[in-house]
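Data block for entry_20.pdb (PDB, C-alpha atoms):
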MODEL        1
ATOM      1  CA  MET A   1     -13.314 -11.986  10.405
ATOM      2  CA  LEU A   2     -10.209 -11.302   8.385
ATOM      3  CA  THR A   3     -10.557  -9.895   4.861
ATOM      4  CA  LEU A   4      -7.417  -9.752   2.729
ATOM      5  CA  HIS A   5      -6.956  -8.194  -0.689
ATOM      6  CA  CYS A   6      -5.591 -10.763  -3.155
ATOM      7  CA  PRO A   7      -2.865  -9.019  -5.175
ATOM      8  CA  TYR A   8      -3.373 -11.446  -8.076
ATOM      9  CA  CYS A   9      -7.191 -11.375  -8.471
ATOM     10  CA  GLY A  10      -7.717  -7.874  -7.206
ATOM     11  CA  VAL A  11     -10.614  -9.014  -5.006
ATOM     12  CA  ASP A  12     -11.133  -8.717  -1.270
ATOM     13  CA  ALA A  13     -11.215 -12.316  -0.121
ATOM     14  CA  ASP A  14     -12.820 -13.413   3.084
ATOM     15  CA  GLU A  15     -10.870 -15.592   5.528
ATOM     16  CA  THR A  16     -12.940 -18.632   4.506
ATOM     17  CA  ASP A  17     -11.720 -18.230   0.905
ATOM     18  CA  LEU A  18      -8.118 -18.309   2.084
ATOM     19  CA  HIS A  19      -5.688 -20.740   3.654
ATOM     20  CA  GLY A  20      -2.978 -19.628   6.039
ATOM     21  CA  GLY A  21       0.595 -20.711   5.303
ATOM     22  CA  GLY A  22       2.551 -19.592   8.361
ATOM     23  CA  GLU A  23       5.379 -17.119   8.624
ATOM     24  CA  ALA A  24       6.545 -15.135   5.606
ATOM     25  CA  HIS A  25      10.090 -14.307   4.479
ATOM     26  CA  LEU A  26      11.713 -17.496   5.771
ATOM     27  CA  LYS A  27      15.191 -18.138   4.427
ATOM     28  CA  ARG A  28      15.712 -21.784   3.577
ATOM     29  CA  GLU A  29      18.797 -23.414   5.053
ATOM     30  CA  GLY A  30      19.816 -26.279   2.803
ATOM     31  CA  PRO A  31      22.720 -28.748   2.614
ATOM     32  CA  GLY A  32      25.924 -27.267   3.986
ATOM     33  CA  SER A  33      24.207 -25.121   6.594
ATOM     34  CA  THR A  34      25.059 -25.534  10.248
ATOM     35  CA  ASP A  35      22.805 -27.607  12.504
ATOM     36  CA  ASP A  36      21.840 -24.478  14.452
ATOM     37  CA  ASP A  37      20.787 -22.567  11.325
ATOM     38  CA  PHE A  38      18.862 -25.565  10.073
ATOM     39  CA  GLU A  39      17.082 -25.954  13.381
ATOM     40  CA  ASP A  40      16.156 -22.254  13.357
ATOM     41  CA  TYR A  41      14.823 -22.579   9.817
ATOM     42  CA  LEU A  42      12.750 -25.641  10.670
ATOM     43  CA  PHE A  43      11.382 -24.814  14.074
ATOM     44  CA  MET A  44      11.974 -21.265  15.271
ATOM     45  CA  ARG A  45       9.121 -18.905  14.427
ATOM     46  CA  GLU A  46       8.095 -15.390  15.323
ATOM     47  CA  ASN A  47       5.095 -15.306  17.605
ATOM     48  CA  PRO A  48       4.383 -11.621  18.046
ATOM     49  CA  LYS A  49       1.539  -9.810  19.670
ATOM     50  CA  GLY A  50       1.403  -7.045  17.108
ATOM     51  CA  VAL A  51       2.931  -6.630  13.649
ATOM     52  CA  HIS A  52       3.277  -9.919  11.780
ATOM     53  CA  PHE A  53       4.108 -11.038   8.246
ATOM     54  CA  GLU A  54       2.330 -14.132   6.963
ATOM     55  CA  ARG A  55       1.843 -16.295   3.903
ATOM     56  CA  TRP A  56      -1.701 -16.813   2.665
ATOM     57  CA  ARG A  57      -3.085 -18.786  -0.239
ATOM     58  CA  HIS A  58      -6.207 -17.714  -2.111
ATOM     59  CA  ALA A  59      -7.351 -21.332  -1.994
ATOM     60  CA  TYR A  60     -10.921 -21.002  -3.268
ATOM     61  CA  GLY A  61      -9.995 -18.275  -5.745
ATOM     62  CA  CYS A  62      -7.006 -18.017  -8.066
ATOM     63  CA  GLY A  63      -4.982 -20.505  -5.982
ATOM     64  CA  LYS A  64      -1.958 -18.187  -5.719
ATOM     65  CA  TRP A  65       0.198 -17.574  -2.653
ATOM     66  CA  PHE A  66       0.618 -14.022  -1.424
ATOM     67  CA  LEU A  67       2.017 -12.287   1.631
ATOM     68  CA  ALA A  68       0.190 -10.152   4.160
ATOM     69  CA  ALA A  69       1.257  -7.744   6.872
ATOM     70  CA  ARG A  70      -1.190  -7.473   9.739
ATOM     71  CA  CYS A  71      -1.478  -6.964  13.462
ATOM     72  CA  THR A  72      -2.182 -10.149  15.393
ATOM     73  CA  ASN A  73      -3.595  -8.127  18.264
ATOM     74  CA  THR A  74      -6.173  -5.946  16.503
ATOM     75  CA  LEU A  75      -6.431  -7.796  13.140
ATOM     76  CA  GLN A  76      -5.608  -4.506  11.405
ATOM     77  CA  VAL A  77      -4.312  -5.311   7.914
ATOM     78  CA  PHE A  78      -1.434  -3.116   6.717
ATOM     79  CA  GLY A  79      -1.337  -4.542   3.234
ATOM     80  CA  THR A  80      -0.788  -7.557   0.987
ATOM     81  CA  TYR A  81       1.836  -8.110  -1.684
ATOM     82  CA  PRO A  82       2.907 -10.846  -4.139
ATOM     83  CA  ALA A  83       4.791 -13.883  -2.825
ATOM     84  CA  GLN A  84       7.744 -13.135  -5.118
ATOM     85  CA  THR A  85       8.810 -10.284  -2.832
ATOM     86  CA  PRO A  86      11.943 -11.106  -0.789
ATOM     87  CA  GLU A  87      11.176  -8.513   1.888
ATOM     88  CA  PRO A  88       8.244  -6.234   2.735
ATOM     89  CA  PRO A  89       7.867  -3.318   0.278
ATOM     90  CA  GLN A  90       8.682   0.165   1.589
ATOM     91  CA  GLU A  91       5.090   1.291   1.107
ATOM     92  CA  ILE A  92       3.866  -1.381   3.532
ATOM     93  CA  ARG A  93       6.639  -0.602   6.028
ATOM     94  CA  ASP A  94       5.640   3.068   5.937
ATOM     95  CA  LYS A  95       2.041   2.147   6.686
ATOM     96  CA  ILE A  96       3.119   0.013   9.638
ATOM     97  CA  SER A  97       5.429   2.743  10.946
ATOM     98  CA  ALA A  98       2.554   5.213  10.792
ATOM     99  CA  ALA A  99       0.255   2.932  12.775
ATOM    100  CA  ARG A 100       2.804   1.246  15.094
ATOM    101  CA  PRO A 101       5.839   3.528  15.605
ATOM    102  CA  GLY A 102       8.916   1.617  16.731
ATOM    103  CA  TRP A 103       7.685  -1.780  15.529
ATOM    104  CA  SER A 104      10.073  -4.648  14.906
ATOM    105  CA  TRP A 105       9.736  -8.158  13.560
ATOM    106  CA  GLY A 106      12.646 -10.583  13.403
ATOM    107  CA  ASN A 107      15.455  -8.570  11.760
ATOM    108  CA  LEU A 108      13.052  -6.031  10.312
ATOM    109  CA  LYS A 109      12.332  -2.617  11.744
TER     110      LYS A 109
ATOM    111  CA  MET B   1     -18.989 -44.371 -27.958
ATOM    112  CA  SER B   2     -21.267 -43.992 -24.946
ATOM    113  CA  ASP B   3     -23.731 -41.111 -24.763
ATOM    114  CA  ALA B   4     -22.401 -38.155 -22.817
ATOM    115  CA  VAL B   5     -24.708 -36.964 -20.058
ATOM    116  CA  SER B   6     -24.391 -33.896 -17.884
ATOM    117  CA  ALA B   7     -24.255 -34.205 -14.090
ATOM    118  CA  LEU B   8     -27.948 -33.607 -13.376
ATOM    119  CA  GLN B   9     -29.325 -34.033 -16.900
ATOM    120  CA  GLY B  10     -31.065 -30.683 -17.051
ATOM    121  CA  LYS B  11     -32.748 -30.832 -13.641
ATOM    122  CA  VAL B  12     -34.939 -27.797 -12.875
ATOM    123  CA  ALA B  13     -36.161 -26.308  -9.586
ATOM    124  CA  PRO B  14     -38.835 -23.840 -10.696
ATOM    125  CA  GLY B  15     -39.825 -20.862  -8.586
ATOM    126  CA  GLU B  16     -39.555 -17.106  -8.428
ATOM    127  CA  VAL B  17     -35.872 -17.737  -8.974
ATOM    128  CA  THR B  18     -35.393 -20.839 -11.086
ATOM    129  CA  ILE B  19     -32.367 -23.093 -10.715
ATOM    130  CA  ARG B  20     -31.593 -25.044 -13.841
ATOM    131  CA  GLU B  21     -28.774 -27.340 -14.819
ATOM    132  CA  ALA B  22     -27.472 -26.122 -18.152
ATOM    133  CA  GLY B  23     -26.786 -29.536 -19.675
ATOM    134  CA  LEU B  24     -23.636 -30.356 -21.585
ATOM    135  CA  GLN B  25     -21.202 -27.480 -21.866
ATOM    136  CA  GLY B  26     -17.758 -27.666 -23.396
ATOM    137  CA  MET B  27     -15.094 -26.286 -21.040
ATOM    138  CA  ILE B  28     -11.380 -26.041 -21.685
ATOM    139  CA  ILE B  29      -8.871 -24.979 -19.064
ATOM    140  CA  LEU B  30      -6.045 -23.106 -20.711
ATOM    141  CA  ARG B  31      -2.988 -22.193 -18.682
ATOM    142  CA  GLY B  32      -0.234 -20.075 -20.085
ATOM    143  CA  ASP B  33       0.900 -16.510 -20.507
ATOM    144  CA  LEU B  34      -2.348 -14.530 -20.837
ATOM    145  CA  ALA B  35      -0.448 -11.574 -22.270
ATOM    146  CA  ASP B  36       0.712 -13.703 -25.201
ATOM    147  CA  LYS B  37      -0.766 -12.464 -28.470
ATOM    148  CA  LYS B  38      -1.115 -15.949 -29.995
ATOM    149  CA  LEU B  39      -2.979 -17.211 -26.932
ATOM    150  CA  ARG B  40      -5.340 -14.244 -26.933
ATOM    151  CA  THR B  41      -6.038 -14.573 -30.648
ATOM    152  CA  VAL B  42      -6.839 -18.281 -30.487
ATOM    153  CA  CYS B  43      -9.140 -17.734 -27.466
ATOM    154  CA  THR B  44     -11.099 -14.889 -29.009
ATOM    155  CA  GLY B  45     -11.247 -16.768 -32.299
ATOM    156  CA  LEU B  46     -12.754 -19.871 -30.666
ATOM    157  CA  SER B  47     -15.261 -18.054 -28.487
ATOM    158  CA  GLY B  48     -16.175 -15.070 -30.628
ATOM    159  CA  VAL B  49     -16.012 -12.733 -27.633
ATOM    160  CA  GLY B  50     -13.414 -10.236 -26.457
ATOM    161  CA  PHE B  51     -10.567 -11.327 -24.160
ATOM    162  CA  PRO B  52     -11.694 -10.666 -20.573
ATOM    163  CA  ALA B  53      -9.828  -8.366 -18.219
ATOM    164  CA  GLN B  54      -8.825  -9.456 -14.686
ATOM    165  CA  GLY B  55     -11.875 -10.776 -12.796
ATOM    166  CA  GLN B  56     -14.162 -10.624 -15.815
ATOM    167  CA  ALA B  57     -16.070 -13.072 -18.020
ATOM    168  CA  ASN B  58     -17.384 -12.532 -21.535
ATOM    169  CA  SER B  59     -19.973 -15.010 -22.710
ATOM    170  CA  GLU B  60     -22.527 -15.391 -25.444
ATOM    171  CA  GLY B  61     -24.778 -18.441 -25.573
ATOM    172  CA  LYS B  62     -22.621 -21.559 -25.269
ATOM    173  CA  THR B  63     -19.321 -19.799 -25.903
ATOM    174  CA  GLY B  64     -17.278 -17.485 -23.755
ATOM    175  CA  LEU B  65     -14.052 -16.713 -21.913
ATOM    176  CA  CYS B  66     -13.628 -16.514 -18.142
ATOM    177  CA  TRP B  67     -10.604 -15.082 -16.310
ATOM    178  CA  MET B  68      -9.670 -17.716 -13.708
ATOM    179  CA  SER B  69      -6.270 -16.505 -12.437
ATOM    180  CA  PRO B  70      -3.280 -14.533 -13.769
ATOM    181  CA  ASP B  71      -2.185 -17.551 -15.830
ATOM    182  CA  GLU B  72      -5.437 -19.397 -16.428
ATOM    183  CA  ILE B  73      -8.430 -18.861 -18.679
ATOM    184  CA  LEU B  74     -11.563 -20.960 -19.069
ATOM    185  CA  VAL B  75     -12.687 -21.330 -22.679
ATOM    186  CA  LEU B  76     -16.371 -22.137 -23.140
ATOM    187  CA  VAL B  77     -17.356 -23.777 -26.422
ATOM    188  CA  PRO B  78     -20.280 -26.024 -27.437
ATOM    189  CA  TYR B  79     -19.754 -29.547 -26.059
ATOM    190  CA  GLU B  80     -19.381 -31.180 -29.488
ATOM    191  CA  GLU B  81     -16.628 -28.766 -30.552
ATOM    192  CA  VAL B  82     -14.219 -29.308 -27.653
ATOM    193  CA  ALA B  83     -11.834 -31.726 -29.386
ATOM    194  CA  GLN B  84     -11.635 -29.479 -32.405
ATOM    195  CA  ALA B  85     -11.063 -26.411 -30.215
ATOM    196  CA  ILE B  86      -8.209 -28.098 -28.324
ATOM    197  CA  ALA B  87      -6.659 -29.103 -31.633
ATOM    198  CA  SER B  88      -6.670 -25.490 -32.797
ATOM    199  CA  ILE B  89      -5.210 -24.302 -29.465
ATOM    200  CA  ASP B  90      -2.447 -26.917 -29.788
ATOM    201  CA  LYS B  91      -1.762 -25.786 -33.332
ATOM    202  CA  ALA B  92      -1.631 -22.110 -32.421
ATOM    203  CA  LEU B  93       0.512 -22.491 -29.304
ATOM    204  CA  THR B  94       3.031 -25.139 -30.417
ATOM    205  CA  GLY B  95       6.454 -24.325 -29.006
ATOM    206  CA  THR B  96       5.179 -22.106 -26.199
ATOM    207  CA  HIS B  97       4.663 -23.105 -22.558
ATOM    208  CA  TYR B  98       0.970 -23.840 -22.098
ATOM    209  CA  LEU B  99      -1.549 -26.481 -21.032
ATOM    210  CA  ALA B 100      -4.983 -27.032 -22.564
ATOM    211  CA  GLU B 101      -7.241 -29.619 -21.000
ATOM    212  CA  ASN B 102     -10.824 -30.687 -21.629
ATOM    213  CA  VAL B 103     -12.677 -30.408 -18.312
ATOM    214  CA  SER B 104     -16.236 -30.509 -19.710
ATOM    215  CA  ASP B 105     -17.109 -33.782 -17.989
ATOM    216  CA  ALA B 106     -15.440 -32.817 -14.708
ATOM    217  CA  ARG B 107     -17.660 -29.799 -14.099
ATOM    218  CA  ALA B 108     -21.316 -28.855 -14.035
ATOM    219  CA  VAL B 109     -22.976 -25.588 -15.046
ATOM    220  CA  LEU B 110     -26.023 -24.323 -13.156
ATOM    221  CA  ILE B 111     -28.146 -21.347 -14.138
ATOM    222  CA  VAL B 112     -29.844 -19.158 -11.530
ATOM    223  CA  GLU B 113     -32.532 -17.064 -13.129
ATOM    224  CA  GLY B 114     -35.005 -14.626 -11.624
ATOM    225  CA  ALA B 115     -35.585 -11.297  -9.980
ATOM    226  CA  PHE B 116     -33.632 -11.842  -6.747
ATOM    227  CA  CYS B 117     -30.943 -14.186  -8.125
ATOM    228  CA  ARG B 118     -28.347 -11.811  -6.639
ATOM    229  CA  GLU B 119     -29.564 -12.614  -3.146
ATOM    230  CA  VAL B 120     -29.786 -16.349  -3.784
ATOM    231  CA  ILE B 121     -26.006 -16.302  -4.400
ATOM    232  CA  ALA B 122     -25.224 -13.656  -1.770
ATOM    233  CA  LYS B 123     -26.611 -15.883   0.970
ATOM    234  CA  LEU B 124     -24.133 -18.639   0.098
ATOM    235  CA  ALA B 125     -20.868 -16.939  -0.894
ATOM    236  CA  PRO B 126     -18.486 -14.638   1.028
ATOM    237  CA  VAL B 127     -18.649 -12.056  -1.766
ATOM    238  CA  ASP B 128     -19.958  -8.493  -1.857
ATOM    239  CA  LEU B 129     -22.765  -8.824  -4.402
ATOM    240  CA  HIS B 130     -24.125  -5.299  -4.094
ATOM    241  CA  PRO B 131     -25.288  -4.040  -7.531
ATOM    242  CA  ASP B 132     -22.660  -1.278  -7.376
ATOM    243  CA  THR B 133     -19.844  -3.760  -6.726
ATOM    244  CA  PHE B 134     -20.722  -6.903  -8.682
ATOM    245  CA  LYS B 135     -22.022  -6.197 -12.158
ATOM    246  CA  PRO B 136     -22.878  -8.288 -15.224
ATOM    247  CA  GLY B 137     -19.564  -9.436 -16.700
ATOM    248  CA  ASP B 138     -17.830  -9.724 -13.320
ATOM    249  CA  PHE B 139     -16.475 -13.205 -12.605
ATOM    250  CA  ARG B 140     -15.605 -14.625  -9.212
ATOM    251  CA  ARG B 141     -14.065 -17.882  -8.032
ATOM    252  CA  THR B 142     -15.050 -18.561  -4.462
ATOM    253  CA  ARG B 143     -17.114 -21.037  -2.492
ATOM    254  CA  LEU B 144     -20.859 -21.695  -2.295
ATOM    255  CA  GLY B 145     -21.764 -23.199   1.055
ATOM    256  CA  GLN B 146     -19.045 -25.786   1.544
ATOM    257  CA  VAL B 147     -17.791 -26.317  -2.004
ATOM    258  CA  ALA B 148     -15.635 -24.449  -4.491
ATOM    259  CA  ALA B 149     -17.537 -22.717  -7.270
ATOM    260  CA  ALA B 150     -17.245 -19.903  -9.773
ATOM    261  CA  PHE B 151     -19.962 -17.626 -11.007
ATOM    262  CA  TRP B 152     -20.638 -14.648 -13.209
ATOM    263  CA  MET B 153     -23.661 -12.604 -14.209
ATOM    264  CA  ARG B 154     -24.869 -13.067 -17.741
ATOM    265  CA  ASP B 155     -27.325 -10.177 -17.218
ATOM    266  CA  GLU B 156     -29.082  -8.474 -14.295
ATOM    267  CA  ASP B 157     -31.384 -11.476 -13.731
ATOM    268  CA  THR B 158     -29.125 -14.408 -14.575
ATOM    269  CA  PHE B 159     -26.159 -15.984 -12.825
ATOM    270  CA  GLU B 160     -24.173 -18.854 -14.269
ATOM    271  CA  VAL B 161     -22.493 -21.080 -11.710
ATOM    272  CA  ILE B 162     -19.726 -23.611 -12.406
ATOM    273  CA  CYS B 163     -18.910 -26.296  -9.850
ATOM    274  CA  PHE B 164     -17.266 -29.703  -9.808
ATOM    275  CA  ARG B 165     -19.424 -32.488 -11.190
ATOM    276  CA  SER B 166     -19.105 -34.529  -8.005
ATOM    277  CA  VAL B 167     -20.797 -31.774  -5.982
ATOM    278  CA  ALA B 168     -23.349 -30.740  -8.617
ATOM    279  CA  GLU B 169     -26.264 -32.151  -6.664
ATOM    280  CA  TYR B 170     -25.184 -30.474  -3.411
ATOM    281  CA  THR B 171     -24.777 -27.135  -5.190
ATOM    282  CA  PHE B 172     -28.112 -27.524  -6.959
ATOM    283  CA  ASN B 173     -29.950 -28.301  -3.703
ATOM    284  CA  LEU B 174     -28.147 -25.469  -1.940
ATOM    285  CA  LEU B 175     -29.182 -22.925  -4.582
ATOM    286  CA  ALA B 176     -32.717 -24.317  -4.704
ATOM    287  CA  ALA B 177     -33.056 -24.038  -0.919
ATOM    288  CA  SER B 178     -31.689 -20.497  -0.996
ATOM    289  CA  ALA B 179     -34.191 -19.571  -3.743
ATOM    290  CA  LYS B 180     -37.075 -21.243  -1.953
ATOM    291  CA  ALA B 181     -36.349 -19.334   1.261
ATOM    292  CA  GLY B 182     -37.123 -16.151  -0.661
ATOM    293  CA  ALA B 183     -35.633 -12.694  -0.967
ATOM    294  CA  VAL B 184     -34.058 -10.905   1.962
ATOM    295  CA  GLY B 185     -34.557  -7.484   0.428
ATOM    296  CA  HIS B 186     -31.032  -6.465   1.347
ATOM    297  CA  PHE B 187     -30.204  -5.048  -2.089
ATOM    298  CA  ALA B 188     -33.641  -3.491  -2.700
ATOM    299  CA  SER B 189     -33.302   0.163  -3.613
TER     300      SER B 189
ENDMDL
END
The structure in this file should be written as structure tokens.
Amino acid sequence: MLTLHCPYCGVDADETDLHGGGEAHLKREGPGSTDDDFEDYLFMRENPKGVHFERWRHAYGCGKWFLAARCTNTLQVFGTYPAQTPEPPQEIRDKISAARPGWSWGNLK
Amino acid sequence: MSDAVSALQGKVAPGEVTIREAGLQGMIILRGDLADKKLRTVCTGLSGVGFPAQGQANSEGKTGLCWMSPDEILVLVPYEEVAQAIASIDKALTGTHYLAENVSDARAVLIVEGAFCREVIAKLAPVDLHPDTFKPGDFRRTRLGQVAAAFWMRDEDTFEVICFRSVAEYTFNLLAASAKAGAVGHFAS
């Protein structure tokens, strides 16, 4: 069972209180983008066994979206942070580096 | 005008822990900037209690304030005073970005009262209700069984539960069944 800390409510919410929203930190490709970029934006997703960044919504609680960094293999949670964060905060990256040296995810290291 | 009735009209399930529907309760959802001084003043003025911190509820009798989310507060006032309360919120917050809506008839309030009320709720919600973690004044929005609900502790032996009116009967039966099944003794010291 996954328990994530909601950065807005300050409570530890159980998986059944939450709703998953897929991959985090997607960059939207709008009008004027190339077909390849648009296809990548629509369909191409990370599918790692290990470090992953995801969107979650505290559906039964405050209703806010937040982002979480966790390991898909062990369910270890490295941290959660507000959805208004364009890329993972350094503090979270440090935690991941400590637990999974040499990790990478998309363009992130 | 037709007579207003609450969802279960004061239904009671007596027992060691009693489940009771609280009857008509005025509830106003207020969304806006909770740091705004005008908003805080009008809320505390209407309810007569202090402005709650994150994850807290302050209540006294039929009035109170519950922290729902970073931009949402639930104002509890007596049922008859809702229209007047919304009028004073509108007056105080004119020109700012806010939303005040009367949700009294869309929700139901249930009261869980008795020695092991903590366990009655703990069996139904994915929340750590240990006495060291969840104390009177703490407020939590979560689910009870299969429906969304919010609850807070008025005192050591009393929980107040808010759910949608359409699921009031389900929630009532759920709490009554949990109370009837008895204490688990998990929190006993």
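Excluding range 54-68 of chain B and any residue on its chain fewer than 6 positions from it, the residues at most 6 Å away by only C-alpha atoms are B:Ser47, B:Leu74, B:Val75, B:Leu76, B:Val77, B:Pro78, B:Gly137, B:Asp138, B:Phe139.
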Find the residues of chain B in contact range of chain A, meaning any atom within 6 Å when counting all atoms listed in the file, and list them as a ChimeraX atom specification.
/B:69,141-142,148
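Between CA of Val147 in chain B and CA of Gly50 in chain B the separation is 29.6 Å.
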So, counting all atoms listed in the file, which residue among B:Ile73, B:Val127, B:Ala7, B:Ala150 is closest to Phe172 in chain B?
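So, comparing all the options, the nearest one is B:Ala7.
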Taking into account all atoms listed in the file, which residue in the set B:Thr94, B:Arg154, B:Phe116, B:Ala106 is nearest to Ala4 in chain B?
B:Ala106
Show me, as a CSV table (one decimal) with C-alpha atoms, in the coordinates of the input, the residues that have an atom within 8 Å of range 86-97 of chain A when counting all atoms listed in the file, minus same-chain residues fewer than 6 positions from it.
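So the final result, stored in around-v9.csv, reads:
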chain,number,residue,atom,x,y,z
A,25,HIS,CA,10.1,-14.3,4.5
A,51,VAL,CA,2.9,-6.6,13.6
A,69,ALA,CA,1.3,-7.7,6.9
A,78,PHE,CA,-1.4,-3.1,6.7
A,79,GLY,CA,-1.3,-4.5,3.2
A,103,TRP,CA,7.7,-1.8,15.5
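Going from CA of Gly32 in chain A to CA of Phe53 in chain A covers 27.5 Å.
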Apply the PyMOL selection byres ((chain B and resi 29) around 8) to the structure shown and report the selected residues as a VMD selection string.
chain B and resid 27 to 28 30 to 31 72 to 75 99 to 103
Could the residues in this selection be saved with C-alpha atoms as a CSV table (one decimal), in the coordinates of the input?
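Just written: selection.csv:
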chain,number,residue,atom,x,y,z
B,27,MET,CA,-15.1,-26.3,-21.0
B,28,ILE,CA,-11.4,-26.0,-21.7
B,30,LEU,CA,-6.0,-23.1,-20.7
B,31,ARG,CA,-3.0,-22.2,-18.7
B,72,GLU,CA,-5.4,-19.4,-16.4
B,73,ILE,CA,-8.4,-18.9,-18.7
B,74,LEU,CA,-11.6,-21.0,-19.1
B,75,VAL,CA,-12.7,-21.3,-22.7
B,99,LEU,CA,-1.5,-26.5,-21.0
B,100,ALA,CA,-5.0,-27.0,-22.6
B,101,GLU,CA,-7.2,-29.6,-21.0
B,102,ASN,CA,-10.8,-30.7,-21.6
B,103,VAL,CA,-12.7,-30.4,-18.3
Picked residues, the PyMOL selection byres ((chain B and resi 124) around 9), expected as a ChimeraX atom specification:
/B:119-123,125-127,143-146,174-175,178
For Gly30 in chain A, which of A:Leu42, A:Thr3, A:Arg57, A:Gln84 is the closest residue, counting all atoms listed in the file?
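Of all the options, A:Leu42 lies closest to Gly30 in chain A.
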Taking the file as I've supplied it (selection: the PyMOL selection byres ((chain B and resi 107) around 10)), which residues are included? Please answer as an NGL selection string.
:B and (6-7 or 24-27 or 103-106 or 108-109 or 149 or 162-168)
Using all atoms listed in the file, pick whichever of A:Leu4, A:Phe43, A:Asp36, A:Arg55 has the shortest atom-to-atom distance to Ala24 in chain A.
A:Arg55
Neighbour list for Leu110 in chain B as an NGL selection string, cut-off 8 Å, all atoms listed in the file, skip fewer than 6 positions in-chain:
:B and (19-22 or 160-162 or 172)
For Ala87 in chain B, the nearest of the candidates B:Ser2, B:Val42, B:Glu169, B:Gly185, counting all atoms listed in the file
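Comparing B:Ser2, B:Val42, B:Glu169, B:Gly185 against Ala87 in chain B, the winner is B:Val42.
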For CA of His130 in chain B and CA of Leu67 in chain A, the interatomic separation in Å (one decimal):
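Those two atoms sit 27.7 Å apart.
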Once 3 Å is added on each side, what centre and edge lengths in Å to one decimal does the axis-aligned box around all listed atoms of range 60-75 of chain B have, as JSON?
{"center_x": -13.5, "center_y": -18.0, "center_z": -19.2, "size_x": 28.6, "size_y": 13.0, "size_z": 19.5}
Could you please give me, as a VMD selection string, the residues of protein, DNA or RNA lying at most 9 Å from (3.5, -16.9, 16.0) in the coordinate frame of the file, considering only C-alpha atoms?
chain A and resid 22 to 23 45 to 49 52 72
Restricting the calculation to only C-alpha atoms, which member of A:Pro82, A:Gly50, A:Gly20, A:Pro31 is positioned closest to Arg100 in chain A?
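Ranking A:Pro82, A:Gly50, A:Gly20, A:Pro31 by distance to Arg100 in chain A, first place goes to A:Gly50.
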Can you patch up range 74-86 of chain A, filling it in to N, CA and C atoms, and show the result as a short mmCIF file (atom, residue, chain, number, x, y, z; two decimals), in the frame of the given file?
data_model
loop_
_atom_site.label_atom_id
_atom_site.label_comp_id
_atom_site.auth_asym_id
_atom_site.auth_seq_id
_atom_site.Cartn_x
_atom_site.Cartn_y
_atom_site.Cartn_z
N THR A 74 -4.94 -6.66 16.87
CA THR A 74 -6.17 -5.95 16.50
C THR A 74 -6.75 -6.43 15.18
N LEU A 75 -6.06 -7.33 14.48
CA LEU A 75 -6.43 -7.80 13.14
C LEU A 75 -6.39 -6.69 12.09
N GLN A 76 -5.76 -5.54 12.42
CA GLN A 76 -5.61 -4.51 11.40
C GLN A 76 -4.69 -5.03 10.30
N VAL A 77 -5.12 -4.86 9.05
CA VAL A 77 -4.31 -5.31 7.91
C VAL A 77 -3.56 -4.12 7.34
N PHE A 78 -2.22 -4.23 7.25
CA PHE A 78 -1.43 -3.12 6.72
C PHE A 78 -1.29 -3.21 5.21
N GLY A 79 -1.43 -4.41 4.69
CA GLY A 79 -1.34 -4.54 3.23
C GLY A 79 -0.98 -5.95 2.82
N THR A 80 -1.18 -6.26 1.53
CA THR A 80 -0.79 -7.56 0.99
C THR A 80 0.08 -7.31 -0.24
N TYR A 81 0.94 -8.26 -0.54
CA TYR A 81 1.84 -8.11 -1.68
C TYR A 81 2.20 -9.48 -2.23
N PRO A 82 2.65 -9.54 -3.51
CA PRO A 82 2.91 -10.85 -4.14
C PRO A 82 3.97 -11.66 -3.40
N ALA A 83 3.87 -12.99 -3.53
CA ALA A 83 4.79 -13.88 -2.82
C ALA A 83 6.22 -13.78 -3.34
N GLN A 84 6.40 -13.23 -4.54
CA GLN A 84 7.74 -13.14 -5.12
C GLN A 84 8.48 -11.91 -4.61
N THR A 85 8.19 -11.48 -3.39
CA THR A 85 8.81 -10.28 -2.83
C THR A 85 9.70 -10.72 -1.68
N PRO A 86 11.04 -10.58 -1.81
CA PRO A 86 11.94 -11.11 -0.79
C PRO A 86 11.78 -10.44 0.58
#
